[in-house]
file final-v9.cif (mmCIF, C-alpha atoms)
data_data
#
loop_
_atom_site.label_atom_id
_atom_site.label_comp_id
_atom_site.auth_asym_id
_atom_site.auth_seq_id
_atom_site.Cartn_x
_atom_site.Cartn_y
_atom_site.Cartn_z
CA MET S 1 6.39 76.18 42.65
CA LYS S 2 9.19 77.85 40.77
CA ILE S 3 11.31 75.76 38.39
CA THR S 4 14.55 77.38 37.21
CA PHE S 5 16.41 75.67 34.40
CA VAL S 6 19.92 76.52 35.59
CA GLY S 7 21.53 74.60 32.73
CA THR S 8 20.06 72.56 29.90
CA GLY S 9 23.08 71.33 27.95
CA THR S 10 25.30 68.29 27.72
CA MET S 11 29.01 68.02 28.49
CA GLY S 12 29.80 68.66 24.82
CA CYS S 13 27.27 71.44 24.30
CA ILE S 14 28.85 74.79 23.35
CA THR S 15 25.76 77.01 23.67
CA ARG S 16 24.39 76.02 27.10
CA CYS S 17 25.65 74.95 30.54
CA ASN S 18 25.58 71.45 32.01
CA THR S 19 22.11 70.36 33.05
CA SER S 20 20.92 71.43 36.48
CA VAL S 21 17.39 72.28 37.62
CA LEU S 22 16.31 74.22 40.71
CA VAL S 23 12.80 73.61 42.06
CA ASP S 24 12.23 76.17 44.81
CA ASP S 25 15.05 75.28 47.25
CA ILE S 26 15.87 71.84 45.74
CA LEU S 27 18.77 71.67 43.26
CA PHE S 28 18.90 68.66 40.95
CA ASP S 29 22.47 67.86 39.83
CA ILE S 30 25.57 70.00 40.04
CA GLY S 31 28.00 69.34 37.19
CA MET S 32 31.03 71.39 36.19
CA GLY S 33 30.28 75.10 36.07
CA THR S 34 26.92 74.93 37.86
CA ILE S 35 27.90 77.20 40.74
CA LYS S 36 29.21 79.93 38.41
CA GLN S 37 26.01 79.64 36.40
CA ILE S 38 23.94 80.00 39.58
CA GLU S 39 25.89 83.15 40.40
CA ARG S 40 25.30 84.53 36.90
CA LEU S 41 21.58 83.97 37.38
CA LYS S 42 21.75 85.79 40.74
CA ILE S 43 20.53 82.78 42.67
CA TYR S 44 22.03 82.73 46.15
CA THR S 45 23.44 79.37 47.23
CA LYS S 46 22.17 80.16 50.72
CA THR S 47 18.65 79.50 49.45
CA ILE S 48 19.53 75.93 48.35
CA LYS S 49 18.51 73.58 51.14
CA TYR S 50 18.53 70.29 49.24
CA LEU S 51 20.95 68.94 46.64
CA VAL S 52 19.77 65.88 44.68
CA ILE S 53 22.37 63.89 42.73
CA SER S 54 21.36 61.52 39.93
CA HIS S 55 24.72 59.77 39.44
CA PHE S 56 28.46 60.23 39.70
CA HIS S 57 29.43 61.36 36.20
CA ALA S 58 31.33 64.65 36.10
CA ASP S 59 28.65 66.70 34.35
CA HIS S 60 26.17 65.90 37.13
CA PHE S 61 28.35 65.80 40.22
CA LEU S 62 31.71 67.56 39.93
CA ASP S 63 30.88 71.07 41.22
CA ILE S 64 30.12 69.90 44.76
CA PRO S 65 33.46 71.20 46.13
CA ASN S 66 32.67 74.68 44.81
CA LEU S 67 29.31 74.57 46.57
CA LEU S 68 30.59 73.30 49.91
CA ILE S 69 33.69 75.48 50.12
CA GLY S 70 31.74 78.48 48.86
CA ARG S 71 29.19 77.96 51.62
CA GLY S 72 32.05 78.20 54.09
CA ILE S 73 33.50 81.35 52.53
CA ARG S 74 30.08 83.02 52.44
CA LYS S 75 29.31 81.92 56.03
CA GLU S 76 26.25 79.94 54.96
CA ILE S 77 27.08 76.82 56.95
CA GLU S 78 24.61 77.66 59.70
CA ASN S 79 21.98 76.54 57.19
CA LYS S 80 21.80 72.75 56.90
CA LEU S 81 22.25 71.25 53.44
CA THR S 82 20.63 67.88 52.79
CA ILE S 83 22.35 65.91 50.02
CA ILE S 84 20.20 63.17 48.48
CA GLY S 85 21.66 60.65 46.08
CA PRO S 86 22.24 57.02 45.17
CA ILE S 87 23.93 54.61 47.54
CA GLY S 88 27.54 55.71 48.00
CA VAL S 89 26.97 59.45 47.59
CA LYS S 90 28.66 60.31 50.90
CA LYS S 91 31.75 58.22 50.08
CA LYS S 92 31.98 59.71 46.59
CA ILE S 93 31.76 63.28 47.89
CA ILE S 94 34.46 62.67 50.50
CA GLU S 95 36.68 61.14 47.80
CA LEU S 96 36.04 64.15 45.55
CA MET S 97 36.80 66.64 48.34
CA ASN S 98 40.00 64.77 49.19
CA PHE S 99 41.03 64.79 45.53
CA THR S 100 40.48 68.52 45.11
CA HIS S 101 41.18 70.07 48.52
CA SER S 102 42.75 67.64 51.02
CA ASP S 103 46.18 69.32 50.91
CA GLY S 104 47.74 65.96 51.69
CA ASP S 105 45.57 65.28 54.75
CA GLU S 106 43.63 62.11 53.90
CA HIS S 107 41.43 62.56 56.98
CA LYS S 108 40.53 66.21 56.34
CA TYR S 109 36.92 65.38 55.43
CA ASP S 110 36.25 62.48 57.79
CA ASN S 111 33.84 64.80 59.64
CA ILE S 112 32.33 66.34 56.53
CA GLU S 113 28.81 66.40 58.01
CA GLU S 114 29.90 68.61 60.92
CA LYS S 115 32.39 70.64 58.86
CA TYR S 116 29.76 71.75 56.33
CA ASN S 117 26.51 71.08 58.22
CA ILE S 118 25.41 68.34 55.83
CA GLU S 119 22.89 65.55 56.15
CA PHE S 120 23.36 62.68 53.68
CA VAL S 121 20.39 60.66 52.42
CA GLU S 122 21.15 57.63 50.24
CA LEU S 123 18.24 56.14 48.30
CA CYS S 124 17.78 52.85 46.46
CA ASN S 125 15.09 52.16 43.88
CA GLU S 126 11.62 53.13 45.17
CA GLU S 127 12.92 54.53 48.47
CA GLU S 128 11.51 57.86 49.59
CA TYR S 129 12.62 60.98 51.40
CA CYS S 130 9.83 63.00 52.99
CA THR S 131 9.44 66.34 54.71
CA ASN S 132 6.30 68.19 55.75
CA LYS S 133 6.45 70.06 52.40
CA PHE S 134 7.40 67.44 49.81
CA LYS S 135 8.29 63.86 48.99
CA ILE S 136 11.06 62.62 46.72
CA THR S 137 11.01 59.07 45.37
CA ALA S 138 14.09 57.56 43.76
CA LEU S 139 13.67 55.32 40.72
CA SER S 140 16.55 53.45 39.10
CA LEU S 141 17.18 54.35 35.47
CA LYS S 142 19.19 52.89 32.58
CA HIS S 143 22.34 54.76 31.53
CA GLY S 144 24.55 52.28 29.74
CA GLU S 145 26.73 50.46 32.28
CA CYS S 146 26.52 53.30 34.83
CA LEU S 147 25.44 52.12 38.28
CA PRO S 148 23.92 53.40 40.44
CA ILE S 149 21.78 56.02 38.72
CA ASN S 150 18.54 57.47 40.03
CA GLY S 151 15.74 59.45 38.53
CA TYR S 152 13.48 61.26 40.98
CA VAL S 153 9.80 62.06 41.34
CA LEU S 154 9.17 65.19 43.38
CA GLU S 155 5.68 65.46 44.86
CA LYS S 156 4.88 68.93 46.12
CA GLU S 157 1.76 71.11 46.23
CA ASP S 158 -0.34 68.41 44.54
CA LYS S 159 2.06 68.27 41.58
CA LYS S 160 4.45 65.56 40.45
CA ILE S 161 7.67 66.58 38.72
CA SER S 162 10.00 63.90 37.37
CA TYR S 163 13.71 64.46 36.78
CA ALA S 164 15.34 61.81 34.56
CA CYS S 165 18.85 62.74 33.56
CA ASP S 166 20.68 60.71 32.19
CA THR S 167 18.65 57.74 30.91
CA SER S 168 17.43 55.71 28.00
CA LEU S 169 14.05 54.00 27.76
CA CYS S 170 13.25 51.66 30.65
CA ASP S 171 10.29 50.60 32.81
CA ASN S 172 10.85 53.26 35.47
CA TYR S 173 11.13 55.93 32.80
CA TYR S 174 7.71 55.01 31.43
CA ARG S 175 6.41 54.91 35.00
CA MET S 176 7.57 58.47 35.54
CA CYS S 177 5.87 59.64 32.34
CA ASN S 178 2.64 57.93 33.35
CA THR S 179 2.40 59.39 36.86
CA SER S 180 3.89 62.88 36.46
CA ASN S 181 2.48 66.27 35.61
CA TYR S 182 5.85 67.44 34.35
CA MET S 183 8.70 65.38 32.86
CA LEU S 184 12.16 66.96 32.81
CA SER S 185 14.21 64.53 30.82
CA ASP S 186 17.50 63.82 29.10
CA VAL S 187 17.11 64.25 25.35
CA THR S 188 20.77 64.24 24.40
CA GLY S 189 20.57 63.55 20.68
CA LEU S 190 18.20 62.83 17.86
CA LYS S 191 18.06 59.06 18.41
CA THR S 192 17.79 57.02 21.61
CA THR S 193 20.87 54.99 22.57
CA ASP S 194 21.78 52.73 25.49
CA MET S 195 23.01 55.85 27.28
CA HIS S 196 20.53 58.60 26.45
CA MET S 197 17.06 59.48 25.24
CA GLY S 198 16.64 60.72 21.68
CA LEU S 199 14.37 63.44 20.34
CA GLU S 200 12.64 61.11 17.86
CA ASP S 201 11.22 59.04 20.74
CA TYR S 202 10.73 61.93 23.15
CA LYS S 203 8.54 64.02 20.85
CA GLU S 204 6.10 61.09 20.55
CA LEU S 205 5.65 60.46 24.28
CA TYR S 206 3.01 63.16 24.69
CA LYS S 207 0.64 61.05 22.59
CA LYS S 208 0.95 58.13 24.97
CA TYR S 209 0.95 60.25 28.14
CA PRO S 210 -1.40 63.20 27.46
CA ASN S 211 -1.52 64.26 31.12
CA CYS S 212 2.21 64.94 31.25
CA LYS S 213 4.06 68.01 29.94
CA PHE S 214 7.48 67.21 28.49
CA TYR S 215 10.55 69.41 28.87
CA ALA S 216 13.77 68.46 27.07
CA ILE S 217 16.96 69.03 29.07
CA HIS S 218 20.50 67.65 28.75
CA ARG S 219 20.33 68.61 25.06
CA ALA S 220 23.12 68.73 22.52
CA ASP S 221 23.23 71.47 19.89
CA TYR S 222 20.58 70.24 17.47
CA SER S 223 17.69 72.06 15.82
CA THR S 224 14.30 72.00 17.59
CA LYS S 225 12.37 73.99 15.01
CA GLY S 226 8.86 72.81 14.20
CA ILE S 227 8.41 70.59 17.25
CA ASN S 228 5.46 71.75 19.31
CA SER S 229 4.82 68.72 21.52
CA VAL S 230 7.99 69.26 23.59
CA LYS S 231 9.20 72.34 25.47
CA PHE S 232 12.86 73.26 25.00
CA PRO S 233 13.80 75.53 27.92
CA ASP S 234 16.88 77.74 27.71
CA ASP S 235 19.43 78.27 30.48
CA GLY S 236 17.96 80.60 33.08
CA GLU S 237 14.37 80.10 31.95
CA ILE S 238 11.80 80.02 34.77
CA LEU S 239 8.60 78.01 34.88
CA GLU S 240 5.98 78.89 37.48
CA ILE S 241 3.51 76.09 38.21
#
call {"tool": "encode", "arguments": {"input": "final-v9.cif", "output": "structure tokens"}}
result
Amino acid sequence: MKITFVGTGTMGCITRCNTSVLVDDILFDIGMGTIKQIERLKIYTKTIKYLVISHFHADHFLDIPNLLIGRGIRKEIENKLTIIGPIGVKKKIIELMNFTHSDGDEHKYDNIEEKYNIEFVELCNEEEYCTNKFKITALSLKHGECLPINGYVLEKEDKKISYACDTSLCDNYYRMCNTSNYMLSDVTGLKTTDMHMGLEDYKELYKKYPNCKFYAIHRADYSTKGINSVKFPDDGEILEI
């Protein structure tokens, strides 16, 4: 498997792009600027077959119109795109497309599946999406008052990769740490809050879960010097597993 850290920053980060991770042909989250960052990294959107949305905050969701309309411009629509997300993801995407590109026609995206060759998959806590190559399990996380919000466990090639962005500590978060080979997680600041994980907690998790490798994403601009228990990938960094 090839993991590309498309972006590793937060909305307020000035040195890195909004967090987005590509695992082979599966893109996790698509906040503002993600498509331009993908182009900078010379990743072709045609190769993205699955888009997985964690929640509907702008820095995880807002670049969907650029992806869909770009697919049309580049004549990539013959390739089906499966969009996986929390309950309501189809409705939210139609609302977003109407807001940005309806041109006054409130019914322009009523047939969005046919228009852009999309399949929508909406997952509640512990629901799964399976193909003959992988399985994705959705797990509800805790992100302040934000609902719904999913983390995801990707099982592929005998590996388990968890994506938890955004979240603070909760039962499903610990469950992901316990069962995963790789944990790609929100570590927004130095201290954990009701909204986000903090570095002080995150750098200690490896002691409790020695079989899991921890990668800090969704990071603000803080110093990571001297911390060896956590990996701090940069934008564009690739991990082959």
call {"tool": "closest_residue", "arguments": {"input": "final-v9.cif", "among": "S:Leu205, S:Leu51, S:Ile136, S:Val187", "to": "S:Thr224", "atoms": "only C-alpha atoms"}}
result
S:Val187
call {"tool": "atom_distance", "arguments": {"input": "final-v9.cif", "atom1": "atom CA of S:Arg219", "atom2": "atom CA of S:Asp59"}}
result
12.6 Å
call {"tool": "atom_distance", "arguments": {"input": "final-v9.cif", "atom1": "atom CA of S:Pro86", "atom2": "atom CA of S:Val153"}}
result
14.0 Å
call {"tool": "residues_around", "arguments": {"input": "final-v9.cif", "residues": "S:Lys156", "least_positions_apart": "2", "cutoff": "6 Å", "atoms": "only C-alpha atoms", "output": "number ranges by chain"}}
result
S: 134, 158-159
call {"tool": "residues_around", "arguments": {"input": "final-v9.cif", "residues": "S:Phe214", "least_positions_apart": "4", "cutoff": "9 Å", "atoms": "only C-alpha atoms", "output": "list in words"}}
result
Cys177, Asn181, Tyr182, Met183, Leu184, Ser185, Tyr202, Lys203, Leu205, Tyr206, Ser229, Val230, Lys231 and Phe232 of chain S
call {"tool": "decode", "arguments": {"input": "final-v9.cif", "residues": "stretch 53-186 of chain S", "atoms": "C-alpha atoms", "output": "PDB file, in the first residue's frame"}}
result
ATOM      1  CA  ILE S  53     -15.537  12.118   4.290  1.00  0.00           C
ATOM      2  CA  SER S  54     -15.160  12.310   8.069  1.00  0.00           C
ATOM      3  CA  HIS S  55     -17.559  15.213   8.726  1.00  0.00           C
ATOM      4  CA  PHE S  56     -18.985  18.365   7.231  1.00  0.00           C
ATOM      5  CA  HIS S  57     -16.625  21.066   8.487  1.00  0.00           C
ATOM      6  CA  ALA S  58     -15.086  23.185   5.731  1.00  0.00           C
ATOM      7  CA  ASP S  59     -11.492  22.001   6.166  1.00  0.00           C
ATOM      8  CA  HIS S  60     -12.575  18.397   5.561  1.00  0.00           C
ATOM      9  CA  PHE S  61     -15.344  18.754   3.001  1.00  0.00           C
ATOM     10  CA  LEU S  62     -15.395  22.015   1.060  1.00  0.00           C
ATOM     11  CA  ASP S  63     -13.312  21.135  -2.032  1.00  0.00           C
ATOM     12  CA  ILE S  64     -15.823  18.591  -3.342  1.00  0.00           C
ATOM     13  CA  PRO S  65     -17.138  20.970  -6.056  1.00  0.00           C
ATOM     14  CA  ASN S  66     -13.606  21.390  -7.413  1.00  0.00           C
ATOM     15  CA  LEU S  67     -13.233  17.620  -7.596  1.00  0.00           C
ATOM     16  CA  LEU S  68     -16.579  16.924  -9.255  1.00  0.00           C
ATOM     17  CA  ILE S  69     -16.513  19.779 -11.759  1.00  0.00           C
ATOM     18  CA  GLY S  70     -12.849  19.109 -12.504  1.00  0.00           C
ATOM     19  CA  ARG S  71     -13.690  15.491 -13.274  1.00  0.00           C
ATOM     20  CA  GLY S  72     -16.160  16.773 -15.848  1.00  0.00           C
ATOM     21  CA  ILE S  73     -13.696  19.208 -17.414  1.00  0.00           C
ATOM     22  CA  ARG S  74     -11.005  16.524 -17.612  1.00  0.00           C
ATOM     23  CA  LYS S  75     -13.478  13.961 -19.002  1.00  0.00           C
ATOM     24  CA  GLU S  76     -12.940  11.583 -16.090  1.00  0.00           C
ATOM     25  CA  ILE S  77     -16.612  10.917 -15.432  1.00  0.00           C
ATOM     26  CA  GLU S  78     -16.531   7.545 -17.177  1.00  0.00           C
ATOM     27  CA  ASN S  79     -14.745   6.359 -14.025  1.00  0.00           C
ATOM     28  CA  LYS S  80     -17.161   5.847 -11.130  1.00  0.00           C
ATOM     29  CA  LEU S  81     -16.432   7.735  -7.915  1.00  0.00           C
ATOM     30  CA  THR S  82     -17.728   6.215  -4.683  1.00  0.00           C
ATOM     31  CA  ILE S  83     -18.261   8.792  -1.934  1.00  0.00           C
ATOM     32  CA  ILE S  84     -18.374   7.335   1.584  1.00  0.00           C
ATOM     33  CA  GLY S  85     -19.398   9.435   4.545  1.00  0.00           C
ATOM     34  CA  PRO S  86     -21.674   9.909   7.539  1.00  0.00           C
ATOM     35  CA  ILE S  87     -25.439   9.882   7.214  1.00  0.00           C
ATOM     36  CA  GLY S  88     -26.489  12.910   5.174  1.00  0.00           C
ATOM     37  CA  VAL S  89     -23.393  13.116   2.970  1.00  0.00           C
ATOM     38  CA  LYS S  90     -25.405  13.059  -0.272  1.00  0.00           C
ATOM     39  CA  LYS S  91     -27.730  15.847   0.908  1.00  0.00           C
ATOM     40  CA  LYS S  92     -24.799  17.960   2.107  1.00  0.00           C
ATOM     41  CA  ILE S  93     -22.946  17.596  -1.196  1.00  0.00           C
ATOM     42  CA  ILE S  94     -26.022  18.566  -3.211  1.00  0.00           C
ATOM     43  CA  GLU S  95     -26.511  21.607  -0.958  1.00  0.00           C
ATOM     44  CA  LEU S  96     -22.853  22.550  -1.415  1.00  0.00           C
ATOM     45  CA  MET S  97     -23.020  22.168  -5.204  1.00  0.00           C
ATOM     46  CA  ASN S  98     -26.192  24.258  -5.317  1.00  0.00           C
ATOM     47  CA  PHE S  99     -24.542  26.946  -3.187  1.00  0.00           C
ATOM     48  CA  THR S 100     -21.447  27.165  -5.377  1.00  0.00           C
ATOM     49  CA  HIS S 101     -22.611  26.299  -8.904  1.00  0.00           C
ATOM     50  CA  SER S 102     -26.405  26.112  -9.270  1.00  0.00           C
ATOM     51  CA  ASP S 103     -26.650  29.349 -11.296  1.00  0.00           C
ATOM     52  CA  GLY S 104     -30.120  29.866  -9.868  1.00  0.00           C
ATOM     53  CA  ASP S 105     -31.403  26.401 -10.826  1.00  0.00           C
ATOM     54  CA  GLU S 106     -32.303  24.724  -7.525  1.00  0.00           C
ATOM     55  CA  HIS S 107     -32.795  21.384  -9.283  1.00  0.00           C
ATOM     56  CA  LYS S 108     -29.484  21.406 -11.181  1.00  0.00           C
ATOM     57  CA  TYR S 109     -27.996  18.627  -9.026  1.00  0.00           C
ATOM     58  CA  ASP S 110     -31.078  16.508  -8.377  1.00  0.00           C
ATOM     59  CA  ASN S 111     -29.480  13.836 -10.578  1.00  0.00           C
ATOM     60  CA  ILE S 112     -25.969  14.267  -9.205  1.00  0.00           C
ATOM     61  CA  GLU S 113     -25.261  10.512  -9.283  1.00  0.00           C
ATOM     62  CA  GLU S 114     -25.837  10.319 -13.039  1.00  0.00           C
ATOM     63  CA  LYS S 115     -24.315  13.740 -13.780  1.00  0.00           C
ATOM     64  CA  TYR S 116     -20.965  12.856 -12.183  1.00  0.00           C
ATOM     65  CA  ASN S 117     -21.111   9.038 -12.088  1.00  0.00           C
ATOM     66  CA  ILE S 118     -21.193   8.909  -8.286  1.00  0.00           C
ATOM     67  CA  GLU S 119     -22.242   6.208  -5.864  1.00  0.00           C
ATOM     68  CA  PHE S 120     -23.048   7.439  -2.348  1.00  0.00           C
ATOM     69  CA  VAL S 121     -22.460   5.233   0.695  1.00  0.00           C
ATOM     70  CA  GLU S 122     -23.670   6.560   4.059  1.00  0.00           C
ATOM     71  CA  LEU S 123     -22.353   4.809   7.160  1.00  0.00           C
ATOM     72  CA  CYS S 124     -23.407   4.879  10.810  1.00  0.00           C
ATOM     73  CA  ASN S 125     -21.264   3.733  13.720  1.00  0.00           C
ATOM     74  CA  GLU S 126     -19.824   0.241  13.116  1.00  0.00           C
ATOM     75  CA  GLU S 127     -21.285  -0.067   9.612  1.00  0.00           C
ATOM     76  CA  GLU S 128     -18.981  -1.402   6.904  1.00  0.00           C
ATOM     77  CA  TYR S 129     -18.306  -0.912   3.224  1.00  0.00           C
ATOM     78  CA  CYS S 130     -16.600  -3.837   1.510  1.00  0.00           C
ATOM     79  CA  THR S 131     -15.075  -4.571  -1.874  1.00  0.00           C
ATOM     80  CA  ASN S 132     -13.017  -7.543  -3.012  1.00  0.00           C
ATOM     81  CA  LYS S 133      -9.871  -5.529  -2.156  1.00  0.00           C
ATOM     82  CA  PHE S 134     -10.629  -3.781   1.137  1.00  0.00           C
ATOM     83  CA  LYS S 135     -13.060  -3.090   3.954  1.00  0.00           C
ATOM     84  CA  ILE S 136     -13.823   0.251   5.577  1.00  0.00           C
ATOM     85  CA  THR S 137     -15.516   0.399   8.977  1.00  0.00           C
ATOM     86  CA  ALA S 138     -16.982   3.647  10.273  1.00  0.00           C
ATOM     87  CA  LEU S 139     -16.631   4.475  13.967  1.00  0.00           C
ATOM     88  CA  SER S 140     -18.265   7.505  15.572  1.00  0.00           C
ATOM     89  CA  LEU S 141     -15.838   9.945  17.174  1.00  0.00           C
ATOM     90  CA  LYS S 142     -16.081  12.901  19.563  1.00  0.00           C
ATOM     91  CA  HIS S 143     -15.526  16.375  18.104  1.00  0.00           C
ATOM     92  CA  GLY S 144     -17.195  18.828  20.434  1.00  0.00           C
ATOM     93  CA  GLU S 145     -20.855  19.230  19.449  1.00  0.00           C
ATOM     94  CA  CYS S 146     -20.233  18.166  15.828  1.00  0.00           C
ATOM     95  CA  LEU S 147     -22.561  15.392  14.671  1.00  0.00           C
ATOM     96  CA  PRO S 148     -22.235  13.192  12.751  1.00  0.00           C
ATOM     97  CA  ILE S 149     -18.506  12.537  12.618  1.00  0.00           C
ATOM     98  CA  ASN S 150     -16.838   9.290  11.605  1.00  0.00           C
ATOM     99  CA  GLY S 151     -13.391   7.873  11.953  1.00  0.00           C
ATOM    100  CA  TYR S 152     -12.550   4.963   9.674  1.00  0.00           C
ATOM    101  CA  VAL S 153     -10.607   1.724   9.866  1.00  0.00           C
ATOM    102  CA  LEU S 154      -9.309   0.592   6.485  1.00  0.00           C
ATOM    103  CA  GLU S 155      -8.459  -3.108   6.254  1.00  0.00           C
ATOM    104  CA  LYS S 156      -6.398  -3.956   3.203  1.00  0.00           C
ATOM    105  CA  GLU S 157      -3.592  -6.406   2.434  1.00  0.00           C
ATOM    106  CA  ASP S 158      -3.616  -7.746   6.002  1.00  0.00           C
ATOM    107  CA  LYS S 159      -3.066  -4.245   7.411  1.00  0.00           C
ATOM    108  CA  LYS S 160      -5.352  -1.989   9.423  1.00  0.00           C
ATOM    109  CA  ILE S 161      -5.029   1.763   8.985  1.00  0.00           C
ATOM    110  CA  SER S 162      -7.141   4.085  11.132  1.00  0.00           C
ATOM    111  CA  TYR S 163      -8.011   7.643  10.142  1.00  0.00           C
ATOM    112  CA  ALA S 164      -9.308   9.785  13.027  1.00  0.00           C
ATOM    113  CA  CYS S 165      -9.601  13.423  12.090  1.00  0.00           C
ATOM    114  CA  ASP S 166     -11.020  15.407  13.932  1.00  0.00           C
ATOM    115  CA  THR S 167     -11.497  13.894  17.402  1.00  0.00           C
ATOM    116  CA  SER S 168     -10.734  14.002  21.078  1.00  0.00           C
ATOM    117  CA  LEU S 169     -10.336  10.978  23.341  1.00  0.00           C
ATOM    118  CA  CYS S 170     -13.283   8.567  23.290  1.00  0.00           C
ATOM    119  CA  ASP S 171     -13.978   4.819  23.405  1.00  0.00           C
ATOM    120  CA  ASN S 172     -13.869   4.344  19.628  1.00  0.00           C
ATOM    121  CA  TYR S 173     -10.606   6.252  19.446  1.00  0.00           C
ATOM    122  CA  TYR S 174      -8.996   3.846  21.912  1.00  0.00           C
ATOM    123  CA  ARG S 175     -10.535   0.968  19.975  1.00  0.00           C
ATOM    124  CA  MET S 176      -8.851   2.174  16.805  1.00  0.00           C
ATOM    125  CA  CYS S 177      -5.481   2.425  18.549  1.00  0.00           C
ATOM    126  CA  ASN S 178      -5.861  -1.079  19.946  1.00  0.00           C
ATOM    127  CA  THR S 179      -6.736  -2.806  16.677  1.00  0.00           C
ATOM    128  CA  SER S 180      -4.706  -0.867  14.093  1.00  0.00           C
ATOM    129  CA  ASN S 181      -1.242  -1.226  12.651  1.00  0.00           C
ATOM    130  CA  TYR S 182      -1.159   2.453  11.757  1.00  0.00           C
ATOM    131  CA  MET S 183      -2.978   5.367  13.415  1.00  0.00           C
ATOM    132  CA  LEU S 184      -3.335   8.583  11.409  1.00  0.00           C
ATOM    133  CA  SER S 185      -4.784  11.006  13.889  1.00  0.00           C
ATOM    134  CA  ASP S 186      -5.721  14.586  14.639  1.00  0.00           C
TER     135      ASP S 186
END
